[in-house]
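Participant: Structure file query.txt, compact mmCIF, C-alpha atoms, is pasted below:
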# COMPACT_ATOMS: atom_id res chain seq x y z
CA MET G 1 -8.20 12.35 18.24
CA THR G 2 -4.97 13.19 16.48
CA ILE G 3 -4.73 15.00 13.17
CA LEU G 4 -3.76 11.68 11.65
CA ASP G 5 -6.89 9.96 12.93
CA GLN G 6 -8.93 12.89 11.69
CA SER G 7 -7.44 12.55 8.23
CA PHE G 8 -8.40 8.91 8.14
CA ALA G 9 -11.88 9.57 9.38
CA ALA G 10 -12.27 12.40 6.89
CA LEU G 11 -11.26 10.20 3.99
CA ALA G 12 -13.32 7.18 4.97
CA ASP G 13 -16.19 8.83 3.12
CA PRO G 14 -16.27 8.41 -0.69
CA THR G 15 -17.80 11.83 -1.31
CA ARG G 16 -14.98 13.47 0.63
CA ARG G 17 -12.42 11.47 -1.31
CA ALA G 18 -14.03 12.66 -4.53
CA ILE G 19 -13.88 16.24 -3.27
CA ILE G 20 -10.17 15.89 -2.55
CA ALA G 21 -9.60 14.38 -5.98
CA ARG G 22 -11.43 17.34 -7.54
CA LEU G 23 -9.40 19.85 -5.53
CA ALA G 24 -6.20 18.16 -6.66
CA GLU G 25 -7.01 19.66 -10.06
CA GLY G 26 -7.35 23.16 -8.63
CA GLU G 27 -9.41 25.27 -6.25
CA ALA G 28 -13.19 25.17 -6.46
CA THR G 29 -16.21 26.82 -4.90
CA VAL G 30 -18.93 24.99 -3.01
CA GLN G 31 -21.12 25.35 -6.09
CA ASP G 32 -18.43 23.82 -8.30
CA LEU G 33 -17.99 20.97 -5.88
CA ALA G 34 -21.70 20.29 -5.45
CA ARG G 35 -22.37 20.03 -9.17
CA PRO G 36 -21.12 16.49 -9.83
CA PHE G 37 -22.86 15.10 -6.75
CA SER G 38 -26.53 14.49 -6.27
CA ILE G 39 -26.49 16.11 -2.83
CA SER G 40 -27.26 19.59 -1.59
CA GLN G 41 -24.79 22.44 -1.08
CA PRO G 42 -25.31 22.36 2.69
CA ALA G 43 -24.35 18.68 2.64
CA ILE G 44 -21.23 19.51 0.63
CA SER G 45 -20.45 22.29 3.10
CA ARG G 46 -20.57 19.79 5.95
CA HIS G 47 -18.12 17.55 4.12
CA LEU G 48 -15.85 20.54 3.51
CA LYS G 49 -15.92 21.37 7.21
CA VAL G 50 -14.75 17.87 8.07
CA LEU G 51 -11.92 18.12 5.54
CA GLU G 52 -10.90 21.53 6.88
CA GLU G 53 -10.83 20.29 10.45
CA ALA G 54 -8.67 17.39 9.35
CA GLY G 55 -6.21 19.90 7.92
CA LEU G 56 -6.58 18.64 4.38
CA ILE G 57 -8.07 21.70 2.74
CA GLU G 58 -8.41 25.41 3.38
CA ALA G 59 -10.66 28.24 2.25
CA ARG G 60 -9.51 31.39 0.51
CA ILE G 61 -11.62 34.49 0.91
CA GLU G 62 -12.44 36.20 -2.37
CA GLY G 63 -15.23 38.72 -2.05
CA THR G 64 -18.24 36.74 -0.92
CA ALA G 65 -16.90 33.49 -2.32
CA ARG G 66 -14.72 31.11 -0.33
CA PRO G 67 -13.07 28.79 -2.83
CA ARG G 68 -11.50 25.73 -1.27
CA ARG G 69 -8.13 24.30 -2.13
CA LEU G 70 -5.74 21.64 -0.90
CA LYS G 71 -3.29 23.02 1.64
CA PRO G 72 -0.10 23.64 -0.35
CA ASP G 73 2.37 22.72 2.38
CA ALA G 74 0.59 19.44 2.94
CA VAL G 75 0.86 18.74 -0.78
CA GLU G 76 4.57 19.41 -0.63
CA ALA G 77 4.95 17.09 2.33
CA LEU G 78 2.88 14.50 0.53
CA TRP G 79 5.30 14.39 -2.36
CA ASP G 80 8.24 13.89 -0.03
CA TRP G 81 6.51 11.21 1.95
CA LEU G 82 4.95 9.46 -0.99
CA GLY G 83 8.33 9.36 -2.67
CA GLN G 84 9.90 7.68 0.34
CA TYR G 85 7.10 5.18 0.75
CA ARG G 86 7.14 4.18 -2.90
CA ALA G 87 10.92 4.05 -2.94
CA LEU G 88 10.91 1.47 -0.15
CA TRP G 89 8.61 -0.81 -2.07
CA GLU G 90 10.13 -0.17 -5.44
CA LYS G 91 13.66 -0.86 -4.21
CA GLN G 92 12.58 -4.30 -3.04
CA PHE G 93 10.68 -5.03 -6.21
CA GLN G 94 13.63 -4.05 -8.35
CA ARG G 95 15.74 -6.57 -6.48
CA LEU G 96 12.96 -9.06 -7.15
CA ASP G 97 13.06 -8.17 -10.85
CA ALA G 98 16.78 -8.84 -10.92
CA LEU G 99 16.35 -12.13 -9.11
CA LEU G 100 13.65 -13.24 -11.56
CA ASP G 101 15.85 -12.34 -14.51
CA ASN G 102 18.56 -14.63 -13.19
CA LEU G 103 16.39 -17.42 -11.81
CA PRO G 104 17.19 -20.77 -13.44
CA ASP G 105 14.39 -22.10 -15.56
CA GLU G 106 11.70 -24.30 -14.01
CA THR G 107 12.87 -27.12 -16.32
CA THR G 108 15.71 -27.73 -13.86
CA GLN G 109 13.06 -28.98 -11.45
CA PRO G 110 10.34 -31.65 -11.71
CA HIS G 111 7.39 -30.12 -13.51
CA SER G 112 4.43 -31.92 -12.06
CA ASP G 113 5.81 -31.98 -8.54
CA PRO G 114 6.86 -28.57 -7.24
CA THR G 115 9.60 -28.26 -4.64
CA GLU G 116 8.99 -29.45 -1.13
CA GLU G 117 9.13 -25.84 0.08
CA SER G 118 6.20 -24.73 -1.99
CA THR G 119 3.71 -27.46 -1.21
CA SER G 120 4.51 -29.87 1.61
CA MET R 121 -0.72 22.28 -10.14
CA THR R 122 -0.63 18.77 -11.51
CA LEU R 123 -0.89 15.96 -9.04
CA SER R 124 -0.95 12.98 -11.29
CA LEU R 125 1.49 10.29 -10.28
CA ASP R 126 3.28 7.86 -12.50
CA LEU R 127 2.10 4.70 -10.88
CA SER R 128 2.43 2.52 -13.92
CA GLU R 129 4.95 0.25 -12.28
CA LEU R 130 3.92 0.36 -8.67
CA GLN R 131 0.46 1.32 -7.62
CA LEU R 132 -0.22 2.12 -4.02
CA VAL R 133 -3.77 2.55 -2.81
CA LEU R 134 -5.10 3.15 0.67
CA ASP R 135 -8.49 1.60 0.19
CA GLY R 136 -11.42 2.25 2.52
CA GLU R 137 -10.55 2.44 6.19
CA THR R 138 -8.46 -0.67 6.67
CA ASP R 139 -6.67 -1.72 3.50
CA VAL R 140 -3.36 -0.91 1.89
CA ILE R 141 -3.15 -2.27 -1.64
CA VAL R 142 0.13 -2.64 -3.51
CA ARG R 143 0.00 -3.56 -7.17
CA ARG R 144 3.09 -4.27 -9.25
CA ASP R 145 3.69 -5.82 -12.66
CA PHE R 146 6.55 -8.20 -13.35
CA THR R 147 7.88 -9.33 -16.70
CA HIS R 148 8.04 -12.97 -15.63
CA PRO R 149 5.13 -15.45 -15.41
CA PRO R 150 3.30 -16.20 -12.12
CA ALA R 151 5.11 -19.50 -11.50
CA ARG R 152 8.48 -17.73 -11.33
CA VAL R 153 7.23 -14.84 -9.24
CA TRP R 154 5.59 -17.34 -6.91
CA ARG R 155 8.89 -19.09 -6.33
CA ALA R 156 10.63 -15.82 -5.51
CA LEU R 157 7.88 -14.97 -3.03
CA THR R 158 7.76 -18.33 -1.27
CA GLU R 159 11.13 -20.12 -1.39
CA PRO R 160 13.39 -19.02 1.49
CA PRO R 161 16.69 -19.04 -0.46
CA LEU R 162 15.06 -16.73 -3.00
CA ILE R 163 13.19 -14.60 -0.45
CA ARG R 164 16.51 -13.85 1.25
CA GLN R 165 17.89 -12.42 -1.95
CA TRP R 166 15.34 -9.69 -2.47
CA MET R 167 13.52 -9.07 0.79
CA SER R 168 16.17 -7.17 2.66
CA SER R 169 17.03 -3.59 3.37
CA ASN R 170 20.44 -2.57 4.64
CA ASP R 171 20.80 -5.68 6.75
CA SER R 172 20.67 -9.23 5.48
CA MET R 173 18.07 -11.56 6.90
CA THR R 174 19.39 -13.70 9.72
CA ARG R 175 16.66 -16.31 9.46
CA CYS R 176 14.10 -17.12 6.79
CA GLU R 177 11.56 -19.90 7.22
CA MET R 178 8.42 -20.67 5.25
CA ASP R 179 6.14 -23.63 5.90
CA LEU R 180 3.87 -22.93 2.98
CA ARG R 181 0.56 -24.67 3.61
CA PRO R 182 -2.72 -23.72 5.26
CA GLY R 183 -1.98 -24.07 8.95
CA GLY R 184 1.73 -23.49 8.36
CA SER R 185 3.70 -20.43 9.35
CA PHE R 186 6.60 -18.20 8.34
CA ARG R 187 9.36 -16.31 10.10
CA TYR R 188 11.61 -13.62 8.59
CA GLU R 189 14.31 -12.29 10.89
CA TRP R 190 16.73 -9.40 10.65
CA PRO R 191 19.28 -8.43 13.30
CA GLU R 192 16.93 -5.93 14.98
CA PHE R 193 13.41 -7.21 14.30
CA PHE R 194 11.34 -10.02 12.86
CA PHE R 195 8.06 -10.76 11.15
CA SER R 196 6.18 -14.00 11.70
CA GLY R 197 2.68 -15.43 11.51
CA PRO R 198 0.34 -18.12 10.29
CA ILE R 199 -0.26 -19.10 6.68
CA LEU R 200 -4.01 -19.27 6.09
CA GLU R 201 -4.50 -20.10 2.42
CA VAL R 202 -2.23 -21.40 -0.33
CA ASP R 203 -3.14 -21.98 -3.95
CA ALA R 204 0.15 -22.11 -5.85
CA PRO R 205 1.16 -20.28 -7.91
CA HIS R 206 -1.59 -17.69 -7.76
CA HIS R 207 -2.90 -17.03 -4.30
CA MET R 208 -1.89 -16.99 -0.67
CA VAL R 209 -3.16 -15.44 2.55
CA HIS R 210 -1.04 -14.95 5.64
CA VAL R 211 -1.00 -12.86 8.80
CA GLU R 212 2.06 -10.75 9.54
CA HIS R 213 2.96 -10.02 13.16
CA PHE R 214 5.78 -7.61 14.00
CA ASN R 215 8.25 -8.75 16.67
CA GLY R 216 5.93 -11.50 17.83
CA ASP R 217 3.02 -9.25 18.72
CA ALA R 218 0.17 -11.63 17.87
CA SER R 219 -2.43 -9.05 18.87
CA SER R 220 -1.80 -6.93 15.80
CA GLY R 221 -0.64 -7.10 12.22
CA PRO R 222 -2.34 -7.18 8.87
CA THR R 223 -3.87 -10.11 7.06
CA ILE R 224 -2.16 -10.10 3.69
CA THR R 225 -3.76 -11.55 0.58
CA THR R 226 -1.38 -11.95 -2.34
CA ASP R 227 -2.65 -12.71 -5.82
CA LEU R 228 -0.57 -13.30 -8.93
CA ALA R 229 -2.45 -12.99 -12.20
CA ALA R 230 -0.98 -13.78 -15.61
CA ARG R 231 -0.83 -10.64 -17.69
CA GLY R 232 0.51 -11.23 -21.17
CA THR R 233 3.77 -13.06 -20.63
CA GLY R 234 4.17 -11.43 -17.22
CA THR R 235 2.45 -11.18 -13.88
CA ARG R 236 0.38 -8.62 -12.07
CA MET R 237 0.82 -8.95 -8.33
CA THR R 238 -1.82 -7.53 -6.04
CA MET R 239 -1.21 -7.50 -2.31
CA VAL R 240 -4.03 -6.44 -0.04
CA MET R 241 -2.89 -5.69 3.51
CA ARG R 242 -5.94 -5.54 5.72
CA TYR R 243 -5.68 -4.08 9.22
CA ALA R 244 -8.13 -4.59 12.06
CA ASN R 245 -9.34 -1.00 11.85
CA ALA R 246 -8.39 2.45 10.58
CA GLU R 247 -6.32 3.17 13.68
CA ALA R 248 -4.29 -0.01 13.28
CA ARG R 249 -3.53 0.91 9.69
CA ALA R 250 -2.48 4.39 10.68
CA ASP R 251 -0.28 3.04 13.47
CA ALA R 252 1.36 0.48 11.24
CA ILE R 253 2.22 2.90 8.50
CA GLU R 254 3.28 5.57 10.93
CA ALA R 255 5.57 3.15 12.76
CA GLY R 256 6.90 1.68 9.59
CA PHE R 257 7.74 4.66 7.52
CA THR R 258 7.80 7.98 9.27
CA ASP R 259 6.62 9.57 12.46
CA SER R 260 5.64 12.94 11.13
CA PHE R 261 3.38 12.76 8.18
CA ASP R 262 0.09 13.67 9.86
CA GLU R 263 -1.90 15.35 7.14
CA VAL R 264 0.03 13.79 4.38
CA PHE R 265 -1.34 10.32 4.73
CA GLY R 266 -4.85 11.30 3.87
CA ARG R 267 -3.62 13.05 0.78
CA LEU R 268 -1.95 9.92 -0.41
CA GLU R 269 -5.22 8.09 -0.26
CA ALA R 270 -7.02 10.79 -2.16
CA LEU R 271 -4.41 10.86 -4.87
CA ALA R 272 -4.17 7.13 -5.15
CA ILE R 273 -7.91 6.89 -5.49
CA ALA R 274 -7.98 9.66 -8.04
CA GLU R 275 -5.41 7.68 -9.95
CA ARG R 276 -7.48 4.49 -10.25
Could you quickly redo this structure as C-alpha cells?
Facilitator:
Amino acid sequence: MTILDQSFAALADPTRRAIIARLAEGEATVQDLARPFSISQPAISRHLKVLEEAGLIEARIEGTARPRRLKPDAVEALWDWLGQYRALWEKQFQRLDALLDNLPDETTQPHSDPTEESTS
Amino acid sequence: MTLSLDLSELQLVLDGETDVIVRRDFTHPPARVWRALTEPPLIRQWMSSNDSMTRCEMDLRPGGSFRYEWPEFFFSGPILEVDAPHHMVHVEHFNGDASSGPTITTDLAARGTGTRMTMVMRYANAEARADAIEAGFTDSFDEVFGRLEALAIAER
C-alpha cells in the first residue's frame, strides 16, 4: 500500500475527514477533537493513528499532552498542487467563458428543432 | 494558519472514495453552455491545452459515442444519457483503454440568468481515482491529495 493509497483510505471515513477539517483551523488535543463527536476518546485516538500513518497529521509533544496538527510541509505541497490542478480546469473554463460571450445568439438557428449535432 | 480557499468560481471536491466533482458557474444560460459542451466546432475552441485538437466527434444520443483527439493522445467512449440542455452521462476512456475511465455525469442548472455546471466523475474504485489523478496531473503529490479532499469538504 503506497502513501497515496493510505491517504485515500484514511479519508474515506467521514469522522477522519472532519478531524482533518478541524485541524486545518489549528492544532488540537485528543480531548478537543473528541468533543464534537459522539464517540469515545479511544475511538478518536484510533482515527488519529490512521491519519498519522497516512502521513496527514503529526503529534507534537508538550508535557503530557500530544496535540495533533496537519503536517506543515504537506500543507505547503497541497497549495502548490491544488493551484496547478485548479489552474488546469480554470484555464479551460475561461476559454469557455470567452467562447460563450462571443457565441451567436440561438435566434440564428431554428428554435424548436436544435441542430443535428445535439439531438440526432 | 488559514486554509480557506476561494472556490467561488470553481469548486473541486473529492467526494467519498470514487468521485471527483467539479462545479463551475457561467454567466450564460444552460442552452448556450450546452452547445459549447456538445457541438464539435465549439468544443474545439475551448477544450484544448497547448496543442489543438486533431479530431473532434460527438454523436450525442444514448448509445452514441464521442472521440476527442490531440496529437499525442485521445479520449473516447460511449454516450449513455442525453437530456438537452441539462443532463448528459458519458464514459471517458483514455487512449482507447476501455477497461478504465470514469463515468461522467454533467448537469447544467439555471441559476439566475446563468448556469451552474456540476460534473461528477465517478471512478470504479478509490485506486482508479488515485491512478487517474496521479497520471493526469502530477506524479509526486502523495500526501497532498488527501489534504485536498479534506479542504474541499471543509469548504462545502
Participant: With all atoms listed in the file as the atoms that count, which of G:Arg68, G:Pro104, G:Gly55, G:Val30 lies nearest to chain R?
Facilitator: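 Counting all atoms listed in the file, the residue closest to chain R is G:Gly55.
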Participant: As a short mmCIF file (atom, residue, chain, number, x, y, z; two decimals) with C-alpha atoms, in the coordinates of the input, please: the residues near G:Leu103 (cut-off 10 Å, only C-alpha atoms, same-chain neighbours under 4 positions excluded).
Facilitator:
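Below is the file around_18.cif, written as the result:
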data_model
loop_
_atom_site.label_atom_id
_atom_site.label_comp_id
_atom_site.auth_asym_id
_atom_site.auth_seq_id
_atom_site.Cartn_x
_atom_site.Cartn_y
_atom_site.Cartn_z
CA ASP G 97 13.06 -8.17 -10.85
CA ALA G 98 16.78 -8.84 -10.92
CA LEU G 99 16.35 -12.13 -9.11
CA ARG R 152 8.48 -17.73 -11.33
CA VAL R 153 7.23 -14.84 -9.24
CA ARG R 155 8.89 -19.09 -6.33
CA ALA R 156 10.63 -15.82 -5.51
CA LEU R 162 15.06 -16.73 -3.00
#
Participant: Could you tell me how far atom CA of R:Arg143 sits from atom CA of G:Glu90, in Å to one decimal place?
Facilitator: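 About the pair atom CA of G:Glu90 and atom CA of R:Arg143: they are 10.8 Å apart.
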Participant: Quick one: of G:Ile57, G:Leu88, G:Glu62, G:Asp105, who's nearest to G:Ala10, counting all atoms listed in the file?
Facilitator: G:Ile57
Participant: Which polymer residues, protein or nucleic acid, are no farther than 9 Å from (-2.5, -16.8, -5.1), counting only C-alpha atoms, as number ranges by chain?
Facilitator: R: 154, 201-209, 225-229
Participant: Mind pulling up the distance from atom CA of G:Lys71 to atom CA of G:Val50?
Facilitator: 14.1 Å
Participant: Using Å and a single decimal, report how far atom CA of G:Leu33 sits from atom CA of G:Glu58.
Facilitator: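 It comes out at 14.0 Å.
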Participant: Pull the neighbourhood of (-22.2, 19.1, -0.2) for me: all residues within 12 Å in file coordinates, counting only C-alpha atoms, as a tab-separated table (two decimals) with C-alpha atoms, keeping the file's coordinate frame.
Facilitator:
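See out08.tsv below for the written result:
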chain	number	residue	atom	x	y	z
G	15	THR	CA	-17.80	11.83	-1.31
G	16	ARG	CA	-14.98	13.47	0.63
G	18	ALA	CA	-14.03	12.66	-4.53
G	19	ILE	CA	-13.88	16.24	-3.27
G	29	THR	CA	-16.21	26.82	-4.90
G	30	VAL	CA	-18.93	24.99	-3.01
G	31	GLN	CA	-21.12	25.35	-6.09
G	32	ASP	CA	-18.43	23.82	-8.30
G	33	LEU	CA	-17.99	20.97	-5.88
G	34	ALA	CA	-21.70	20.29	-5.45
G	35	ARG	CA	-22.37	20.03	-9.17
G	36	PRO	CA	-21.12	16.49	-9.83
G	37	PHE	CA	-22.86	15.10	-6.75
G	38	SER	CA	-26.53	14.49	-6.27
G	39	ILE	CA	-26.49	16.11	-2.83
G	40	SER	CA	-27.26	19.59	-1.59
G	41	GLN	CA	-24.79	22.44	-1.08
G	42	PRO	CA	-25.31	22.36	2.69
G	43	ALA	CA	-24.35	18.68	2.64
G	44	ILE	CA	-21.23	19.51	0.63
G	45	SER	CA	-20.45	22.29	3.10
G	46	ARG	CA	-20.57	19.79	5.95
G	47	HIS	CA	-18.12	17.55	4.12
G	48	LEU	CA	-15.85	20.54	3.51
G	49	LYS	CA	-15.92	21.37	7.21
G	50	VAL	CA	-14.75	17.87	8.07
G	51	LEU	CA	-11.92	18.12	5.54
Participant: Return the single residue from R:Asp171, R:Asn215, R:Val240, R:Ile224 that is closest to R:Pro198, with distances computed using all atoms listed in the file.
Facilitator: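 That would be R:Ile224, the residue with the smallest distance to R:Pro198.
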Participant: Here is a test: counting all atoms listed in the file, which residue of G:Ala28, G:Ile20, G:Ala87, G:Leu100 is nearest to G:Leu56?
Facilitator: G:Ile20
Participant: Taking all atoms listed in the file into account, which of R:His148, R:Arg231, R:Arg164, R:Arg236 comes nearest chain G?
Facilitator: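 Checking each candidate against chain G, we get R:His148 as the closest.
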Participant: Can you list, as an NGL selection string, every protein, DNA or RNA residue that comes within 10 Å of R:Asn245 when you count all atoms listed in the file, leaving out same-chain residues fewer than 2 positions away?
Facilitator: :R and (137-139 or 222 or 242-243 or 247-250)
Participant: Calculated over all atoms listed in the file, which of the candidates G:Glu53, G:Arg95, G:Arg22, G:Asn102 has the smallest distance to chain R?
Facilitator: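 With all atoms listed in the file as the atom set, the closest residue is G:Arg95.
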